[in-house]
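Let me begin by presenting the structure, written as structure tokens, before commenting on it.
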Amino acid sequence: MKWPKRFLIALAVLIALAALLPLFVSLDDYIPRIENEISARVGQPVTIKSMKLAALPWPHVIVEGVRLGRTDELTLEQVKLTPELLSLLQATRVISSVEIDSLMVTRKAIDMILAMAASAGAEPSKPRAVRVERIRLENVVLRLEKTDFGPFDARLNLDATGKPGDISVTTRDGKLKATIKPDKSNYLIDVSAKAWTLPAGPALLFDELQIRGVATQKDARLDTVSARLYGGTVLGAMNLAWEKGLRIDGKLDIGELELRQVASLLSPGSRVSGRLSAKPVFSAAAPAADKLAQALRLETDFRVKDGVLHGVDIQQAATQLVKKAATGGETRFDHLSGHLLVAQGSRHLSQLQIASGMLAADGAVSISPQKALSGRINAQVKLAGVGTKVPLNVSGTLDSPMLYPTGATIAGAAVGTAIMGPGFGTSVGAKIGGWAEGLFDSKPQPAPKR
């Protein structure tokens with residue numbers, strides 16, 4: 001029975017030697033050469049804190065403290081490389097797994113990586129010196145211009161030619177999961193999310209989100225976009241392309257979306273509530289992602305029911321008939337509809353129809369990129385029991401909208417009051433003044449000085 005004991009002793013000695021091996025084998029002498037080679041490929045300075053060899057549970061190399069770029073455009077705390085030992089004697093070395101922990105990537109680093117991938121694809125085919133089979137990333141953060149995406153974990157398998165196979169991405173809070181699978185020359189995309197907030201742009205909170213589509217190296221076609229958020233639903237499809245700048249286009253079907261929070265997120269300063277239904281068609285093209293919003297063109301008919309326009313009281317402005325602009329208050333409505341055009345940062349609302357129990361109005365309003373308001377609202381109200389259509393000029397800003405009767409309406413009301421007395425005379429005069437202005441001058445008058 002001596003041989004089992006001797007075997008166990010020998011095994012223990014081998015394990016101890018394997019554990020102590022890194023203490024006697026230093027890889028730090030290779031760091032300057034590796035830093036220079038990587039720096040030459042990416043065109044940016046690269047620093048590595050340390051490198052060490054470990055033997056358990058399998059021989060592998062640990063690289064720590066990697067920094068790329070003059071302002072740390074890419075940083076990672078640790079990389080573990082596990083090679084296939086037999087491949088070290090062959091022309092192509094095989095790394096069975098690459099495990100990356102605590103990676104931070106900026107937008108500039110992403111551009112550098114994409115440029116390297118493009119140049120590598122353009123090079124003539126030649127035997128690969130190193131082939132990686134699997135990549136595992138833990139605790140990754142993408143640091144974009146004004147926001148971060150992550151932290152998330154990712155898994156990536158590569159085939160014998162180095163092309164990506166199955167890819168999975170999961171945020172560490174478990175709210176978003178995405179998979180990308182190769183399908184001949186394309187990739188199938190499947191994204192699902194629950195209680196997830198959009199990381200870039202308006203911070204929209206999705207109760208549920210499902211995206212499915214097909215991507216190539218140049219573009220993506222998302223045939224299914226389905227979401228539940230803010231009490232409503234969104235269904236649609238969109239296309240993305242990134243070969244020369246960024247392009248996006250698509251169409252959506254929005255149903256019963258509560259506007260109070262959504263409007264303020266999409267356009268800070270907007271104060272409107274109610275349930276929105278619309279079918280927007282949109283497109284944009286820009287050299288970079290942060291320019292897409294400025295290049296957006298969107299057009300749709302819309303309707304909103306059971307809502308409130310906050311910050312302005314149309315009925316009060318129409319019945320006061322004074323030169324001072326009306327501000328503050330609110331306009332409740334049963335139904336609001338119209339046509340929206342977004343172009344070059346401006347928004348144009350035309351064919352407006354507003355209806356409630358005591359008020360009916362129509363008109364058109366424009367909102368400049370600086371949030372300045374201009375336009376005309378025609379309010380149908382009762383003055384002294386007589387139905388009267390009062391034209392109101394729109395001015396001010398989204399944060400502080402103003403309404404005031406046109407000059408002809410005020411003048412007509414004053415003349416009618418002088419001839420026939422207040423009440424009925426005021427109503428008739430205002431109606432005649434509004435009719436005259438509509439006949440001779442359909443343009444809004446400048447706001448009076450306050």
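Note on naming: chains are A, B, ... as they come in the structure tokens, residues start from 1 per chain, ligands start from 1 in the order shown.
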
Could you pull the residues within 12 Å of Thr197 (chain A), counting only C-alpha atoms, minus those fewer than 5 positions along the same chain, as a PyMOL selection string? chain A and resi 147-150+171+173+175-176+202-209+229+265

Using C-alpha atoms, can you export the residues from the last selection as a PDB file, in the first residue's frame?
```pdb
ATOM      1  CA  THR A 147     -24.184  59.015 -20.151  1.00  0.00           C
ATOM      2  CA  ASP A 148     -22.980  55.522 -19.286  1.00  0.00           C
ATOM      3  CA  PHE A 149     -24.305  52.158 -20.413  1.00  0.00           C
ATOM      4  CA  GLY A 150     -23.734  49.423 -17.899  1.00  0.00           C
ATOM      5  CA  THR A 171     -26.898  44.111 -17.518  1.00  0.00           C
ATOM      6  CA  ASP A 173     -29.191  44.334 -12.597  1.00  0.00           C
ATOM      7  CA  LYS A 175     -33.139  44.383 -16.525  1.00  0.00           C
ATOM      8  CA  LEU A 176     -31.857  43.977 -20.096  1.00  0.00           C
ATOM      9  CA  PRO A 202     -34.394  61.012 -22.971  1.00  0.00           C
ATOM     10  CA  ALA A 203     -34.514  58.828 -19.855  1.00  0.00           C
ATOM     11  CA  LEU A 204     -37.613  56.897 -20.916  1.00  0.00           C
ATOM     12  CA  LEU A 205     -38.620  54.074 -18.559  1.00  0.00           C
ATOM     13  CA  PHE A 206     -39.815  50.931 -20.357  1.00  0.00           C
ATOM     14  CA  ASP A 207     -42.089  48.563 -18.477  1.00  0.00           C
ATOM     15  CA  GLU A 208     -41.365  46.031 -21.214  1.00  0.00           C
ATOM     16  CA  LEU A 209     -39.324  46.217 -24.417  1.00  0.00           C
ATOM     17  CA  LEU A 229     -44.462  52.324 -21.175  1.00  0.00           C
ATOM     18  CA  LEU A 265     -38.502  64.017 -21.135  1.00  0.00           C
TER      19      LEU A 265
END
```

Asp166 (chain A): which residues within 9 Å, counting only C-alpha atoms, same-chain residues fewer than 6 positions away excluded, as a ChimeraX atom specification? /A:155-158,179-182

Spatial neighbours of region 234-240 of chain A, 8 Å, only C-alpha atoms, chain gap at least 2 places, as a ChimeraX atom specification: /A:219-229,232,242,246-255

For CA of Ala200 (chain A) and CA of Arg297 (chain A), quote the distance in Å rounded to one decimal. 19.0 Å

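If only C-alpha atoms are the atoms counted, then among A:Gly174, A:Arg134, A:Val262, A:Arg376 the closest residue to Ala195 (chain A) is A:Gly174.
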
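Nearest to Gly329 (chain A) of all the residues A:Ala288, A:Leu349, A:Val79, A:Val308 is A:Val308, based on only C-alpha atoms.
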
Per residue of region 247-300 of chain A within 12 Å of region 342-348 of chain A, what are the shortest atom pair and its distance in Å to one decimal, counting only C-alpha atoms, with rows by chain and residue number, as a Markdown table?
```
| residue | atom | partner | partner_atom | distance |
| --- | --- | --- | --- | --- |
| A:Ser267 | CA | A:Arg347 | CA | 10.5 |
| A:Pro280 | CA | A:Val342 | CA | 10.3 |
| A:Val281 | CA | A:Val342 | CA | 10.4 |
| A:Phe282 | CA | A:Val342 | CA | 9.0 |
| A:Ser283 | CA | A:Ala343 | CA | 10.0 |
| A:Ala284 | CA | A:Ala343 | CA | 9.8 |
| A:Ala285 | CA | A:Gln344 | CA | 11.7 |
| A:Lys291 | CA | A:Gly345 | CA | 11.0 |
| A:Leu292 | CA | A:Gly345 | CA | 10.5 |
| A:Ala293 | CA | A:Gly345 | CA | 7.8 |
| A:Gln294 | CA | A:Gly345 | CA | 5.5 |
| A:Ala295 | CA | A:Gln344 | CA | 6.0 |
| A:Leu296 | CA | A:Ala343 | CA | 6.3 |
| A:Arg297 | CA | A:Ala343 | CA | 4.7 |
| A:Leu298 | CA | A:Val342 | CA | 4.9 |
| A:Glu299 | CA | A:Val342 | CA | 6.4 |
| A:Thr300 | CA | A:Val342 | CA | 9.2 |
```

Residues as selected, N, CA and C atoms, written as a compact mmCIF listing (two decimals), in the first residue's frame, can you do that?
```txt
# COMPACT_ATOMS: atom_id res chain seq x y z
N SER A 267 -39.09 66.80 -24.55
CA SER A 267 -38.93 68.23 -24.79
C SER A 267 -39.06 68.97 -23.46
N PRO A 280 -46.07 58.15 -35.98
CA PRO A 280 -44.97 58.95 -36.55
C PRO A 280 -44.12 58.17 -37.54
N VAL A 281 -43.68 58.87 -38.58
CA VAL A 281 -42.69 58.38 -39.53
C VAL A 281 -41.47 59.29 -39.37
N PHE A 282 -40.28 58.72 -39.20
CA PHE A 282 -39.12 59.53 -38.86
C PHE A 282 -37.88 59.07 -39.62
N SER A 283 -36.91 59.98 -39.72
CA SER A 283 -35.62 59.68 -40.34
C SER A 283 -34.60 60.70 -39.87
N ALA A 284 -33.33 60.32 -39.89
CA ALA A 284 -32.24 61.23 -39.52
C ALA A 284 -30.93 60.66 -40.05
N ALA A 285 -30.02 61.55 -40.42
CA ALA A 285 -28.69 61.16 -40.86
C ALA A 285 -27.69 62.17 -40.31
N LYS A 291 -25.39 63.97 -32.98
CA LYS A 291 -25.97 64.92 -33.92
C LYS A 291 -27.30 64.45 -34.50
N LEU A 292 -27.71 63.25 -34.17
CA LEU A 292 -28.93 62.69 -34.76
C LEU A 292 -30.17 63.49 -34.39
N ALA A 293 -30.26 63.90 -33.11
CA ALA A 293 -31.46 64.62 -32.67
C ALA A 293 -31.66 65.90 -33.47
N GLN A 294 -30.58 66.61 -33.78
CA GLN A 294 -30.69 67.85 -34.54
C GLN A 294 -31.09 67.60 -35.98
N ALA A 295 -30.76 66.39 -36.50
CA ALA A 295 -31.07 66.08 -37.90
C ALA A 295 -32.41 65.36 -38.05
N LEU A 296 -33.13 65.16 -36.96
CA LEU A 296 -34.36 64.38 -37.00
C LEU A 296 -35.45 65.08 -37.80
N ARG A 297 -36.11 64.31 -38.65
CA ARG A 297 -37.34 64.75 -39.32
C ARG A 297 -38.43 63.75 -38.95
N LEU A 298 -39.52 64.25 -38.41
CA LEU A 298 -40.62 63.41 -37.95
C LEU A 298 -41.93 64.05 -38.35
N GLU A 299 -42.88 63.22 -38.80
CA GLU A 299 -44.17 63.75 -39.21
C GLU A 299 -45.26 62.77 -38.82
N THR A 300 -46.37 63.32 -38.29
CA THR A 300 -47.48 62.46 -37.90
C THR A 300 -48.74 63.28 -37.61
```

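Distance check against Lys146 (chain A) using only C-alpha atoms: of A:Ala289, A:Val98, A:Leu392, A:Leu336, the minimum falls on A:Ala289.
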
Let's see if you can do this: from backbone DSSP, list all strand (DSSP E) residues in region 21-257 of chain A, as a VMD selection string. chain A and resid 46 to 54 60 to 68 74 to 83 93 to 106 130 to 132 134 to 143 148 to 158 164 to 171 176 to 183 186 to 197 205 to 215 219 to 229 232 to 241 246 to 257

Would you list, as number ranges by chain, the residues of region 221-276 of chain A that end up in alpha helix (DSSP H) under DSSP run on this structure's backbone? A: 259-266

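In this comparison, which uses only C-alpha atoms, the residue of A:Thr397, A:Ser50, A:Ser374, A:Gln353 approaching Ile34 (chain A) most closely is A:Ser50.
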
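Counting only C-alpha atoms, the residue from A:Ser96, A:Gln380, A:Asn36, A:Gln78 that sits nearest to Met51 (chain A) is A:Gln78.
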
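Here CA of Asp190 (chain A) stands at a distance of 7.6 Å from CA of Gln210 (chain A).
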
In Å, with one decimal, what is the gap from CA of Ala178 (chain A) to CA of Gln217 (chain A)? 17.4 Å
